[in-house]
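**Student:** Next up, upload.cif (mmCIF, C-alpha atoms and all ligand atoms).
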data_entry
#
loop_
_atom_site.group_PDB
_atom_site.id
_atom_site.type_symbol
_atom_site.label_atom_id
_atom_site.label_comp_id
_atom_site.auth_asym_id
_atom_site.auth_seq_id
_atom_site.Cartn_x
_atom_site.Cartn_y
_atom_site.Cartn_z
ATOM 1 C CA MET A 211 109.968 48.606 72.656
ATOM 2 C CA ASN A 212 109.598 51.149 75.420
ATOM 3 C CA GLU A 213 106.970 49.803 77.835
ATOM 4 C CA LEU A 214 105.106 53.114 77.966
ATOM 5 C CA ILE A 215 104.795 53.287 74.191
ATOM 6 C CA LYS A 216 103.838 49.630 74.069
ATOM 7 C CA LYS A 217 101.028 50.168 76.571
ATOM 8 C CA ALA A 218 99.828 53.260 74.766
ATOM 9 C CA ILE A 219 99.581 51.567 71.384
ATOM 10 C CA ALA A 220 98.248 48.248 72.625
ATOM 11 C CA PRO A 221 94.602 49.348 72.528
ATOM 12 C CA LEU A 222 95.170 50.716 69.031
ATOM 13 C CA CYS A 223 96.702 47.426 67.882
ATOM 14 C CA ALA A 224 93.820 45.561 69.454
ATOM 15 C CA ALA A 225 91.349 47.785 67.678
ATOM 16 C CA LEU A 226 93.164 47.373 64.384
ATOM 17 C CA LEU A 227 93.281 43.625 64.692
ATOM 18 C CA ALA A 228 89.730 43.405 65.904
ATOM 19 C CA THR A 229 88.376 45.521 63.116
ATOM 20 C CA ALA A 230 90.593 45.113 60.135
ATOM 21 C CA CYS A 231 90.928 41.421 59.704
ATOM 22 C CA ALA A 232 87.939 39.930 58.168
ATOM 23 C CA ARG A 233 87.206 39.097 54.583
ATOM 24 C CA PRO A 234 85.588 35.955 53.299
ATOM 25 C CA ALA A 235 87.238 33.526 50.940
ATOM 26 C CA GLN A 236 84.979 34.517 48.110
ATOM 27 C CA VAL A 237 82.621 37.422 48.119
ATOM 28 C CA PRO A 238 80.826 38.715 45.070
ATOM 29 C CA GLU A 239 81.890 42.245 44.230
ATOM 30 C CA THR A 240 78.552 43.754 45.154
ATOM 31 C CA GLU A 241 78.594 42.227 48.607
ATOM 32 C CA ARG A 242 82.041 43.300 49.559
ATOM 33 C CA PRO A 243 82.296 45.703 52.441
ATOM 34 C CA ALA A 244 83.575 49.023 51.067
ATOM 35 C CA SER A 245 86.240 49.768 53.625
ATOM 36 C CA ALA A 246 84.166 48.906 56.628
ATOM 37 C CA GLU A 247 87.035 47.126 58.340
ATOM 38 C CA ALA A 248 89.548 49.840 57.763
ATOM 39 C CA VAL A 249 90.354 52.101 60.654
ATOM 40 C CA THR A 250 89.631 55.456 59.162
ATOM 41 C CA ASP A 251 90.043 57.784 62.095
ATOM 42 C CA GLU A 252 91.019 57.778 65.727
ATOM 43 C CA THR A 253 87.471 57.528 67.002
ATOM 44 C CA ASP A 254 87.540 53.856 66.012
ATOM 45 C CA VAL A 255 90.103 53.201 68.700
ATOM 46 C CA ASP A 256 87.602 53.555 71.528
ATOM 47 C CA VAL A 257 85.858 50.299 70.552
ATOM 48 C CA VAL A 258 88.558 48.319 72.313
ATOM 49 C CA THR A 259 89.562 50.056 75.503
ATOM 50 C CA ASP A 260 91.708 47.476 77.278
ATOM 51 C CA ALA A 261 95.126 46.217 76.385
ATOM 52 C CA PRO A 262 95.427 42.480 75.684
ATOM 53 C CA ASN A 263 96.015 40.542 78.877
ATOM 54 C CA GLU A 264 99.657 39.885 79.652
ATOM 55 C CA VAL A 265 99.946 36.224 80.574
ATOM 56 C CA GLU A 266 102.724 33.810 81.416
ATOM 57 C CA PRO A 267 103.419 31.139 78.779
ATOM 58 C CA LEU A 268 101.737 27.836 79.619
ATOM 59 C CA SER A 269 103.574 24.535 79.835
ATOM 60 C CA ASP A 270 102.095 21.743 77.698
ATOM 61 C CA GLU A 271 100.569 20.057 80.747
ATOM 62 C CA ASP A 272 99.162 23.285 82.111
ATOM 63 C CA ARG A 273 97.777 24.105 78.691
ATOM 64 C CA ALA A 274 96.045 20.731 78.349
ATOM 65 C CA ARG A 275 94.511 21.152 81.802
ATOM 66 C CA ALA A 276 93.483 24.750 81.115
ATOM 67 C CA LEU A 277 91.904 23.796 77.787
ATOM 68 C CA ALA A 278 89.943 20.891 79.262
ATOM 69 C CA ALA A 279 88.724 22.955 82.222
ATOM 70 C CA ARG A 280 87.740 25.861 80.023
ATOM 71 C CA ALA A 281 85.905 23.620 77.547
ATOM 72 C CA ASP A 282 83.981 22.019 80.443
ATOM 73 C CA ALA A 283 83.074 25.423 81.845
ATOM 74 C CA LEU A 284 81.904 26.668 78.446
ATOM 75 C CA GLU A 285 79.863 23.519 77.901
ATOM 76 C CA ALA A 286 78.222 23.924 81.313
ATOM 77 C CA LYS A 287 77.386 27.545 80.582
ATOM 78 C CA HIS A 288 76.308 27.349 76.920
ATOM 79 C CA GLY A 289 75.608 23.669 76.192
ATOM 80 C CA ASP A 290 71.887 24.060 76.823
ATOM 81 C CA ASP A 291 71.756 26.861 74.239
ATOM 82 C CA GLY A 292 72.825 24.504 71.461
ATOM 83 C CA PHE A 293 76.579 25.116 71.585
ATOM 84 C CA THR A 294 79.202 22.388 71.231
ATOM 85 C CA PHE A 295 82.811 22.862 72.358
ATOM 86 C CA VAL A 296 85.822 20.937 71.096
ATOM 87 C CA VAL A 297 89.412 21.187 72.320
ATOM 88 C CA GLU A 298 91.669 21.780 69.337
ATOM 89 C CA PRO A 299 95.007 22.721 70.920
ATOM 90 C CA PRO A 300 95.979 25.494 71.403
ATOM 91 C CA PHE A 301 92.392 26.634 70.849
ATOM 92 C CA ILE A 302 88.895 25.685 71.902
ATOM 93 C CA VAL A 303 86.384 25.659 69.072
ATOM 94 C CA GLY A 304 82.769 26.348 69.949
ATOM 95 C CA GLY A 305 79.744 26.712 67.741
ATOM 96 C CA ASP A 306 75.973 26.562 67.462
ATOM 97 C CA GLU A 307 75.742 24.482 64.296
ATOM 98 C CA SER A 308 75.099 20.757 64.812
ATOM 99 C CA ALA A 309 77.625 19.019 67.055
ATOM 100 C CA ALA A 310 78.855 16.973 64.082
ATOM 101 C CA THR A 311 79.433 20.112 62.008
ATOM 102 C CA VAL A 312 81.292 21.891 64.827
ATOM 103 C CA ARG A 313 83.523 18.827 65.221
ATOM 104 C CA ARG A 314 84.100 18.623 61.482
ATOM 105 C CA ARG A 315 85.094 22.279 61.253
ATOM 106 C CA SER A 316 87.257 21.952 64.331
ATOM 107 C CA ARG A 317 89.211 19.007 62.966
ATOM 108 C CA GLY A 318 88.990 19.738 59.259
ATOM 109 C CA THR A 319 89.606 23.476 59.146
ATOM 110 C CA VAL A 320 90.942 24.728 62.477
ATOM 111 C CA GLY A 321 93.073 21.671 63.300
ATOM 112 C CA TRP A 322 94.346 21.408 59.753
ATOM 113 C CA ALA A 323 95.253 25.111 59.544
ATOM 114 C CA ILE A 324 97.029 25.024 62.907
ATOM 115 C CA GLN A 325 99.097 22.025 61.858
ATOM 116 C CA MET A 326 99.947 23.495 58.463
ATOM 117 C CA LEU A 327 100.829 26.954 59.771
ATOM 118 C CA LYS A 328 102.986 25.539 62.545
ATOM 119 C CA GLU A 329 104.842 23.301 60.117
ATOM 120 C CA SER A 330 105.571 26.182 57.777
ATOM 121 C CA TYR A 331 106.033 29.139 60.115
ATOM 122 C CA PHE A 332 105.173 29.197 63.780
ATOM 123 C CA GLU A 333 107.081 27.493 66.596
ATOM 124 C CA ARG A 334 105.233 29.003 69.551
ATOM 125 C CA ASP A 335 101.601 28.609 70.500
ATOM 126 C CA PRO A 336 99.677 31.648 71.739
ATOM 127 C CA ASP A 337 100.321 32.144 75.459
ATOM 128 C CA ASP A 338 96.700 32.024 76.562
ATOM 129 C CA VAL A 339 93.629 29.944 75.804
ATOM 130 C CA ILE A 340 91.857 31.369 72.775
ATOM 131 C CA VAL A 341 88.296 30.409 71.968
ATOM 132 C CA VAL A 342 87.251 30.192 68.321
ATOM 133 C CA TRP A 343 83.527 30.974 68.189
ATOM 134 C CA LEU A 344 81.749 29.779 65.056
ATOM 135 C CA PHE A 345 78.278 31.296 64.889
ATOM 136 C CA LYS A 346 75.981 29.622 62.428
ATOM 137 C CA ASP A 347 74.680 32.736 60.679
ATOM 138 C CA LYS A 348 74.656 36.530 60.680
ATOM 139 C CA THR A 349 71.866 36.772 63.244
ATOM 140 C CA SER A 350 73.587 34.488 65.717
ATOM 141 C CA TYR A 351 76.920 36.237 65.142
ATOM 142 C CA ARG A 352 75.598 39.711 65.790
ATOM 143 C CA ARG A 353 73.391 38.716 68.715
ATOM 144 C CA HIS A 354 76.132 36.801 70.533
ATOM 145 C CA CYS A 355 78.817 39.440 69.914
ATOM 146 C CA GLN A 356 76.546 41.853 71.709
ATOM 147 C CA GLU A 357 75.569 39.439 74.443
ATOM 148 C CA PHE A 358 78.993 37.932 75.175
ATOM 149 C CA TRP A 359 81.371 40.859 74.602
ATOM 150 C CA ASN A 360 79.110 43.876 74.352
ATOM 151 C CA GLU A 361 80.547 44.325 70.860
ATOM 152 C CA THR A 362 78.904 45.450 67.639
ATOM 153 C CA PRO A 363 81.069 43.884 64.944
ATOM 154 C CA ARG A 364 81.985 46.213 62.121
ATOM 155 C CA THR A 365 82.658 43.352 59.752
ATOM 156 C CA PRO A 366 79.954 40.860 58.758
ATOM 157 C CA TYR A 367 82.456 37.991 58.545
ATOM 158 C CA GLY A 368 84.559 37.726 61.653
ATOM 159 C CA TYR A 369 87.468 39.180 63.588
ATOM 160 C CA TYR A 370 90.198 38.467 66.087
ATOM 161 C CA SER A 371 90.080 40.245 69.424
ATOM 162 C CA PRO A 372 93.334 40.044 71.423
ATOM 163 C CA ARG A 373 91.506 41.771 74.275
ATOM 164 C CA ASP A 374 88.865 39.073 74.679
ATOM 165 C CA ARG A 375 91.158 36.239 73.481
ATOM 166 C CA VAL A 376 88.582 35.154 70.916
ATOM 167 C CA LEU A 377 88.323 34.558 67.197
ATOM 168 C CA VAL A 378 84.727 35.300 66.303
ATOM 169 C CA MET A 379 83.247 34.110 63.041
ATOM 170 C CA ASN A 380 80.013 34.238 61.134
ATOM 171 C CA ILE A 381 80.861 30.823 59.732
ATOM 172 C CA ALA A 382 78.142 31.066 57.100
ATOM 173 C CA SER A 383 80.590 33.373 55.274
ATOM 174 C CA GLY A 384 82.943 30.416 54.686
ATOM 175 C CA ASP A 385 86.073 28.813 56.052
ATOM 176 C CA GLY A 386 88.488 31.131 54.262
ATOM 177 C CA THR A 387 88.047 33.937 56.766
ATOM 178 C CA LEU A 388 88.612 31.436 59.553
ATOM 179 C CA VAL A 389 92.035 30.427 58.233
ATOM 180 C CA HIS A 390 92.887 34.110 57.763
ATOM 181 C CA GLU A 391 92.046 34.856 61.398
ATOM 182 C CA ILE A 392 93.970 31.851 62.738
ATOM 183 C CA VAL A 393 97.183 33.374 61.359
ATOM 184 C CA HIS A 394 96.865 36.433 63.625
ATOM 185 C CA PRO A 395 97.195 34.944 67.134
ATOM 186 C CA PHE A 396 100.083 32.802 65.892
ATOM 187 C CA MET A 397 101.803 35.811 64.358
ATOM 188 C CA GLU A 398 101.257 37.694 67.613
ATOM 189 C CA ALA A 399 102.881 34.848 69.599
ATOM 190 C CA ASN A 400 105.836 34.407 67.233
ATOM 191 C CA PHE A 401 106.510 37.806 65.684
ATOM 192 C CA GLU A 402 104.955 40.432 67.905
ATOM 193 C CA ALA A 403 106.608 43.293 66.018
ATOM 194 C CA CYS A 404 105.248 42.115 62.659
ATOM 195 C CA PRO A 405 103.927 45.110 60.713
ATOM 196 C CA ALA A 406 100.327 45.040 59.521
ATOM 197 C CA TRP A 407 101.287 44.739 55.850
ATOM 198 C CA PHE A 408 102.941 41.348 56.323
ATOM 199 C CA ASN A 409 100.533 40.130 59.024
ATOM 200 C CA GLU A 410 97.584 40.805 56.723
ATOM 201 C CA GLY A 411 99.404 39.722 53.558
ATOM 202 C CA LEU A 412 100.199 36.277 54.949
ATOM 203 C CA ALA A 413 96.763 35.910 56.587
ATOM 204 C CA SER A 414 95.048 36.931 53.344
ATOM 205 C CA LEU A 415 97.145 34.507 51.305
ATOM 206 C CA TYR A 416 95.500 31.611 53.123
ATOM 207 C CA GLU A 417 91.904 32.829 52.726
ATOM 208 C CA GLN A 418 91.918 30.599 49.693
ATOM 209 C CA CYS A 419 94.224 27.688 50.236
ATOM 210 C CA THR A 420 94.889 24.019 49.812
ATOM 211 C CA GLU A 421 97.551 21.478 50.688
ATOM 212 C CA GLU A 422 100.362 20.679 48.289
ATOM 213 C CA ASP A 423 103.126 18.220 49.093
ATOM 214 C CA GLY A 424 102.027 18.307 52.720
ATOM 215 C CA ARG A 425 102.251 22.091 52.985
ATOM 216 C CA ILE A 426 99.709 24.879 53.071
ATOM 217 C CA TYR A 427 99.483 26.571 49.694
ATOM 218 C CA GLY A 428 97.703 29.857 48.946
ATOM 219 C CA LEU A 429 95.593 30.179 45.802
ATOM 220 C CA THR A 430 94.460 33.252 43.909
ATOM 221 C CA ASN A 431 91.237 34.783 45.221
ATOM 222 C CA TRP A 432 88.773 37.631 44.761
ATOM 223 C CA ARG A 433 91.324 40.243 45.827
ATOM 224 C CA LEU A 434 93.105 39.822 42.479
ATOM 225 C CA ALA A 435 90.522 41.836 40.537
ATOM 226 C CA GLY A 436 90.940 45.013 42.618
ATOM 227 C CA LEU A 437 94.694 44.677 42.526
ATOM 228 C CA LYS A 438 94.760 44.348 38.751
ATOM 229 C CA LYS A 439 92.636 47.447 38.412
ATOM 230 C CA GLN A 440 95.110 49.439 40.469
ATOM 231 C CA ILE A 441 98.021 48.126 38.426
ATOM 232 C CA LYS A 442 96.174 49.081 35.252
ATOM 233 C CA ASP A 443 95.386 52.534 36.629
ATOM 234 C CA GLY A 444 98.992 53.023 37.756
ATOM 235 C CA THR A 445 97.866 53.786 41.309
ATOM 236 C CA LEU A 446 99.590 50.985 43.203
ATOM 237 C CA PRO A 447 102.361 52.067 45.596
ATOM 238 C CA SER A 448 105.839 50.578 45.247
ATOM 239 C CA PHE A 449 106.829 47.909 47.756
ATOM 240 C CA ALA A 450 109.202 50.413 49.363
ATOM 241 C CA GLU A 451 106.164 52.612 49.971
ATOM 242 C CA LEU A 452 103.833 49.804 51.028
ATOM 243 C CA THR A 453 106.242 48.314 53.554
ATOM 244 C CA SER A 454 107.093 51.700 55.082
ATOM 245 C CA LEU A 455 103.449 52.497 55.933
ATOM 246 C CA SER A 456 102.442 52.664 59.582
ATOM 247 C CA ASP A 457 99.875 50.046 60.532
ATOM 248 C CA ALA A 458 97.097 52.657 60.600
ATOM 249 C CA ALA A 459 98.128 53.953 57.160
ATOM 250 C CA PHE A 460 98.264 50.416 55.773
ATOM 251 C CA TYR A 461 94.686 49.789 56.896
ATOM 252 C CA ARG A 462 93.600 52.910 55.031
ATOM 253 C CA GLN A 463 95.084 51.657 51.738
ATOM 254 C CA PRO A 464 92.366 50.743 49.249
ATOM 255 C CA ASP A 465 94.129 47.526 48.191
ATOM 256 C CA GLY A 466 96.764 47.032 50.837
ATOM 257 C CA TYR A 467 95.581 43.509 51.628
ATOM 258 C CA GLY A 468 95.528 42.563 47.952
ATOM 259 C CA GLN A 469 98.984 43.951 47.224
ATOM 260 C CA ALA A 470 100.570 42.380 50.315
ATOM 261 C CA ARG A 471 98.785 39.104 49.574
ATOM 262 C CA CYS A 472 100.044 39.030 46.014
ATOM 263 C CA LEU A 473 103.609 39.734 47.131
ATOM 264 C CA CYS A 474 103.340 36.732 49.475
ATOM 265 C CA PHE A 475 101.809 34.714 46.637
ATOM 266 C CA ASP A 476 104.680 35.612 44.312
ATOM 267 C CA LEU A 477 107.272 34.689 46.959
ATOM 268 C CA GLN A 478 105.415 31.412 47.468
ATOM 269 C CA GLU A 479 105.587 30.690 43.723
ATOM 270 C CA GLN A 480 109.351 31.270 43.788
ATOM 271 C CA GLY A 481 109.753 29.017 46.841
ATOM 272 C CA LEU A 482 110.892 31.979 48.947
ATOM 273 C CA LEU A 483 108.004 32.749 51.283
ATOM 274 C CA ARG A 484 109.001 30.603 54.256
ATOM 275 C CA ASP A 485 112.613 31.786 53.977
ATOM 276 C CA TYR A 486 111.411 35.363 53.800
ATOM 277 C CA TYR A 487 109.354 34.966 56.985
ATOM 278 C CA ARG A 488 112.352 33.541 58.852
ATOM 279 C CA ARG A 489 114.734 36.195 57.596
ATOM 280 C CA PHE A 490 112.317 38.999 58.453
ATOM 281 C CA VAL A 491 111.821 37.633 61.989
ATOM 282 C CA ALA A 492 115.594 37.288 62.465
ATOM 283 C CA ASP A 493 116.431 40.747 61.123
ATOM 284 C CA HIS A 494 113.408 42.790 62.152
ATOM 285 C CA GLU A 495 115.245 44.900 64.719
ATOM 286 C CA GLN A 496 117.533 46.276 61.999
ATOM 287 C CA ASP A 497 114.809 46.061 59.348
ATOM 288 C CA PRO A 498 111.429 46.702 60.993
ATOM 289 C CA THR A 499 109.610 47.228 57.674
ATOM 290 C CA GLY A 500 110.881 43.987 56.109
ATOM 291 C CA TYR A 501 111.966 45.772 52.927
ATOM 292 C CA ALA A 502 115.705 45.068 53.288
ATOM 293 C CA SER A 503 114.887 41.424 54.033
ATOM 294 C CA LEU A 504 112.719 41.326 50.918
ATOM 295 C CA ARG A 505 115.517 42.694 48.735
ATOM 296 C CA ALA A 506 117.988 40.277 50.300
ATOM 297 C CA ILE A 507 115.804 37.212 49.759
ATOM 298 C CA LEU A 508 115.276 38.252 46.132
ATOM 299 C CA GLY A 509 119.040 38.549 45.597
ATOM 300 C CA GLU A 510 119.284 42.361 45.863
ATOM 301 C CA PRO A 511 117.687 43.142 42.488
ATOM 302 C CA ASP A 512 116.934 46.581 41.097
ATOM 303 C CA MET A 513 113.521 46.815 42.743
ATOM 304 C CA ALA A 514 111.990 49.027 40.060
ATOM 305 C CA ASP A 515 112.833 46.335 37.491
ATOM 306 C CA TRP A 516 111.683 43.544 39.772
ATOM 307 C CA GLU A 517 108.363 45.265 40.378
ATOM 308 C CA VAL A 518 107.760 45.590 36.629
ATOM 309 C CA GLY A 519 108.080 41.788 36.449
ATOM 310 C CA TRP A 520 105.871 41.329 39.542
ATOM 311 C CA ARG A 521 103.137 43.479 38.005
ATOM 312 C CA ARG A 522 103.387 41.549 34.743
ATOM 313 C CA ARG A 523 103.105 38.214 36.577
ATOM 314 C CA THR A 524 100.197 39.519 38.635
ATOM 315 C CA MET A 525 98.308 40.708 35.545
ATOM 316 C CA ALA A 526 98.735 37.225 34.017
ATOM 317 C CA ARG A 527 97.214 35.475 37.052
ATOM 318 C CA ARG A 528 93.631 34.287 36.909
ATOM 319 C CA PHE A 529 90.885 33.762 39.421
ATOM 320 C CA THR A 530 87.492 32.340 38.572
ATOM 321 C CA GLU A 531 84.878 31.914 41.277
HETATM 322 ZN ZN ZN B 601 93.535 40.052 59.209
#
Mind turning the file's structure into C-alpha cells?
Ligand SMILES: [Zn+2]

**Tutor:**
Amino acid sequence: MNELIKKAIAPLCAALLATACARPAQVPETERPASAEAVTDETDVDVVTDAPNEVEPLSDEDRARALAARADALEAKHGDDGFTFVVEPPFIVGGDESAATVRRRSRGTVGWAIQMLKESYFERDPDDVIVVWLFKDKTSYRRHCQEFWNETPRTPYGYYSPRDRVLVMNIASGDGTLVHEIVHPFMEANFEACPAWFNEGLASLYEQCTEEDGRIYGLTNWRLAGLKKQIKDGTLPSFAELTSLSDAAFYRQPDGYGQARCLCFDLQEQGLLRDYYRRFVADHEQDPTGYASLRAILGEPDMADWEVGWRRRTMARRFTE
C-alpha cells in the first residue's frame, strides 16, 4: 500500500479497532449497546490521533527481556495500587482483581487463547509488547482508562488500541470479549490487510468458544438472534455485498458482526475455516475482499444457491443462554 495512504488511514484504523471491537460473550438483549461501538461518522476518528507505533520485530531473547523489564516496571509503578502483572508471552497481563485471579485469567484464558489461536492460524507474534489490562469492574475500567490513556471508552466491555499497544477490558463483563480482542493484535501482525468483516467475524466467533480435539472451537452465541431476525425480514446483504464493504461501512452494518461470525461458524462446521484463512492470506493481493477465496474454498458453487442453504442452516441453529 502506498505509504502516504497508509499513514492517512492509520488513525482511522486505530479508531475503528479501538471503538468497534467489544462485545461480551453473553449479554441480555436489554443490556446490549445499540450501536455504540460502531463508527457512525468521521468525528469519531479524532478520538485516536496518532498512528500505531512502527516497531522492529523482536527476537525471542529480546522479547523475553523486554517483557520481563516491562512487567517489573509496571509492578513498581502500580503494584501498590493493588495491581498484579504476569508475563504471558507475547503479552503482559495486568489486573486489579486478587493476584490469584489475575494469574488464573492470565494462564487459563489469555495463555490458552494465545496457544489455540497460534496453533490454528497465526505464525507471527505482535511486534511490540502489548499489555492486557483486566479491570475488575466498570468503575475501575472507566477511571483507569481516563487516568492512564486519557480515554473515555465508548464500549462498556473492552477494546484494543493499536496506538497505546493495550487490550483494555472490564473483565466483569466476561472472558468472551477478552478472547475476541486477543484475535485483533494477532491478525494485525499476520494479516495486516485483513478487511474488517473477516477480522471481526473471526474474533466474534471465539467470543463463545471451547476446545475440541485440541483446537479452539467457536460456539453459537447471542448474536444469532439478531441475525435470524434479519434473515426472516429479508434484510441481510449477500456475502458478495458484505465482503465488498469498506471497513467503515462494515462497522455501520446493523448485524455485520453476526453475519460474518456465522459465515466463519459455517466454514468451521464444514472443516474449511482454517483453510479459508490461509487461502485468503495467500491470495489477498488479487482478492482483497476475500470473496473469490470464499468461492474457491467452497468449490465454486452458485453463491445464490449456497446462501439459501447457509440461511437455512443458520435458522436451524440454536443458542440458549
Ligand atoms: Zn473486534

**Student:** Which value, in Å to one decimal, gives the distance between CA of Ile392 in chain A and CA of Asp291 in chain A?

**Tutor:**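 Computing the Euclidean distance for CA of Ile392 in chain A and CA of Asp291 in chain A yields 25.5 Å.
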
**Student:** Enter the distance from CA of Glu421 in chain A to CA of Gln325 in chain A, in Å, rounded to one decimal.

**Tutor:**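 These two atoms are separated by 11.3 Å.
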
**Student:** So that I can see what lies close to Leu327 in chain A, please list as a list in words the residues with an atom at most 8 Å from it, counting only C-alpha atoms and leaving out residues fewer than 4 positions away in the same chain.

**Tutor:**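 Skipping anything fewer than 4 positions along the chain leaves Ala323, Tyr331, Phe332, Val393 and Ile426 of chain A.
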
**Student:** Given the file above and the PyMOL selection byres (((chain A and resi 490-500) around 9) and not hetatm), which residues are selected, and can you give them as a PDB file with C-alpha atoms, keeping the file's coordinate frame?

**Tutor:**
ATOM      1  CA  ASN A 400     105.836  34.407  67.233  1.00  0.00           C
ATOM      2  CA  PHE A 401     106.510  37.806  65.684  1.00  0.00           C
ATOM      3  CA  ALA A 403     106.608  43.293  66.018  1.00  0.00           C
ATOM      4  CA  CYS A 404     105.248  42.115  62.659  1.00  0.00           C
ATOM      5  CA  PRO A 405     103.927  45.110  60.713  1.00  0.00           C
ATOM      6  CA  TRP A 407     101.287  44.739  55.850  1.00  0.00           C
ATOM      7  CA  PHE A 408     102.941  41.348  56.323  1.00  0.00           C
ATOM      8  CA  ALA A 450     109.202  50.413  49.363  1.00  0.00           C
ATOM      9  CA  THR A 453     106.242  48.314  53.554  1.00  0.00           C
ATOM     10  CA  SER A 454     107.093  51.700  55.082  1.00  0.00           C
ATOM     11  CA  LEU A 455     103.449  52.497  55.933  1.00  0.00           C
ATOM     12  CA  ASP A 485     112.613  31.786  53.977  1.00  0.00           C
ATOM     13  CA  TYR A 486     111.411  35.363  53.800  1.00  0.00           C
ATOM     14  CA  TYR A 487     109.354  34.966  56.985  1.00  0.00           C
ATOM     15  CA  ARG A 488     112.352  33.541  58.852  1.00  0.00           C
ATOM     16  CA  ARG A 489     114.734  36.195  57.596  1.00  0.00           C
ATOM     17  CA  TYR A 501     111.966  45.772  52.927  1.00  0.00           C
ATOM     18  CA  ALA A 502     115.705  45.068  53.288  1.00  0.00           C
ATOM     19  CA  SER A 503     114.887  41.424  54.033  1.00  0.00           C
ATOM     20  CA  LEU A 504     112.719  41.326  50.918  1.00  0.00           C
ATOM     21  CA  ARG A 505     115.517  42.694  48.735  1.00  0.00           C
TER      22      ARG A 505
END

**Student:** If you apply the PyMOL selection byres (((chain A and resi 420) around 12) and not hetatm) to this file, what residues do you get, as a list in words?

**Tutor:**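 That selection, the PyMOL selection byres (((chain A and resi 420) around 12) and not hetatm), comes back as Gly318, Thr319, Trp322, Ala323, Met326, Leu327, Asp385, Gly386, Val389, Leu415, Tyr416, Glu417, Gln418, Cys419, Glu421, Glu422, Asp423, Gly424, Arg425, Ile426, Tyr427, Gly428, Leu429 and Thr430 of chain A.
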
**Student:** Give the answer as one residue: which of A:Ala406, A:Leu277, A:Ala459, A:Leu434 has the shortest atom-to-atom distance to ligand ZN 601 (chain B), using only C-alpha atoms and all ligand atoms?

**Tutor:** A:Ala406

**Student:** Enumerate, as a ChimeraX atom specification, the residues matched when the PyMOL selection byres (((chain A and resi 524) around 12) and not hetatm) is run on the file above.

**Tutor:** /A:430,433-442,468-469,471-477,479,517-523,525-529

**Student:** Please identify all polymer residues within 12 Å of Asp337 in chain A, counting only C-alpha atoms, omitting same-chain residues fewer than 2 positions from it, and present them as a list in words.

**Tutor:**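 Using only C-alpha atoms, the neighbours found are Pro262, Asn263, Glu264, Val265, Glu266, Pro267, Leu268, Ser269, Asp270, Asp272, Arg273, Ala276, Pro299, Pro300, Phe301, Arg334, Asp335, Val339, Ile340, Pro372, Arg375, Pro395, Phe396, Met397, Glu398, Ala399 and Asn400 of chain A.
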
**Student:** Between CA of Thr445 in chain A and CA of Gln478 in chain A, what is the distance in Å, rounded to a tenth?

**Tutor:**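 So the two atoms, CA of Thr445 in chain A and CA of Gln478 in chain A, lie 24.4 Å apart.
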
**Student:** List every protein, DNA or RNA residue that has an atom no more than 10 Å from (87.1, 24.2, 73.6) in the file's coordinate frame, counting all atoms listed in the file, and report them as a list in words.

**Tutor:** Ala276, Leu277, Ala278, Ala279, Arg280, Ala281, Asp282, Ala283, Leu284, Glu285, Thr294, Phe295, Val296, Val297, Glu298, Pro299, Pro300, Phe301, Ile302, Val303, Gly304, Gly305, Ser316, Val339, Ile340, Val341, Val342 and Trp343 of chain A

**Student:** Closest to His394 in chain A among A:Asn360, A:Ser456, A:Asn380, A:Asn409, using all atoms listed in the file?

**Tutor:**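 With all atoms listed in the file as the atom set, the closest residue is A:Asn409.
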
**Student:** Counting all atoms listed in the file, which residue out of A:Ala413, A:Ala514, A:Leu482, A:Ala458 sits closest to ligand ZN 601 (chain B)?

**Tutor:**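 Smallest distance to ligand ZN 601 (chain B) is found for A:Ala413.
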
**Student:** Given the choices A:Pro363, A:Arg314, A:Asp306, A:Glu510, which gets closest to Asp290 in chain A if the distance is worked out from all atoms listed in the file?

**Tutor:** A:Asp306

**Student:** Restricting the calculation to all atoms listed in the file: of A:Ser448, A:Ser371, A:Gln463, A:Ser308, which residue gets closest to ligand ZN 601 (chain B)?

**Tutor:**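 Using all atoms listed in the file, ligand ZN 601 (chain B) sits closest to A:Ser371.
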
**Student:** Considering only C-alpha atoms and all ligand atoms, state which residue in the set A:Phe460, A:Phe449, A:Tyr351, A:Tyr370 is at the smallest distance from ligand ZN 601 (chain B).

**Tutor:** A:Tyr370
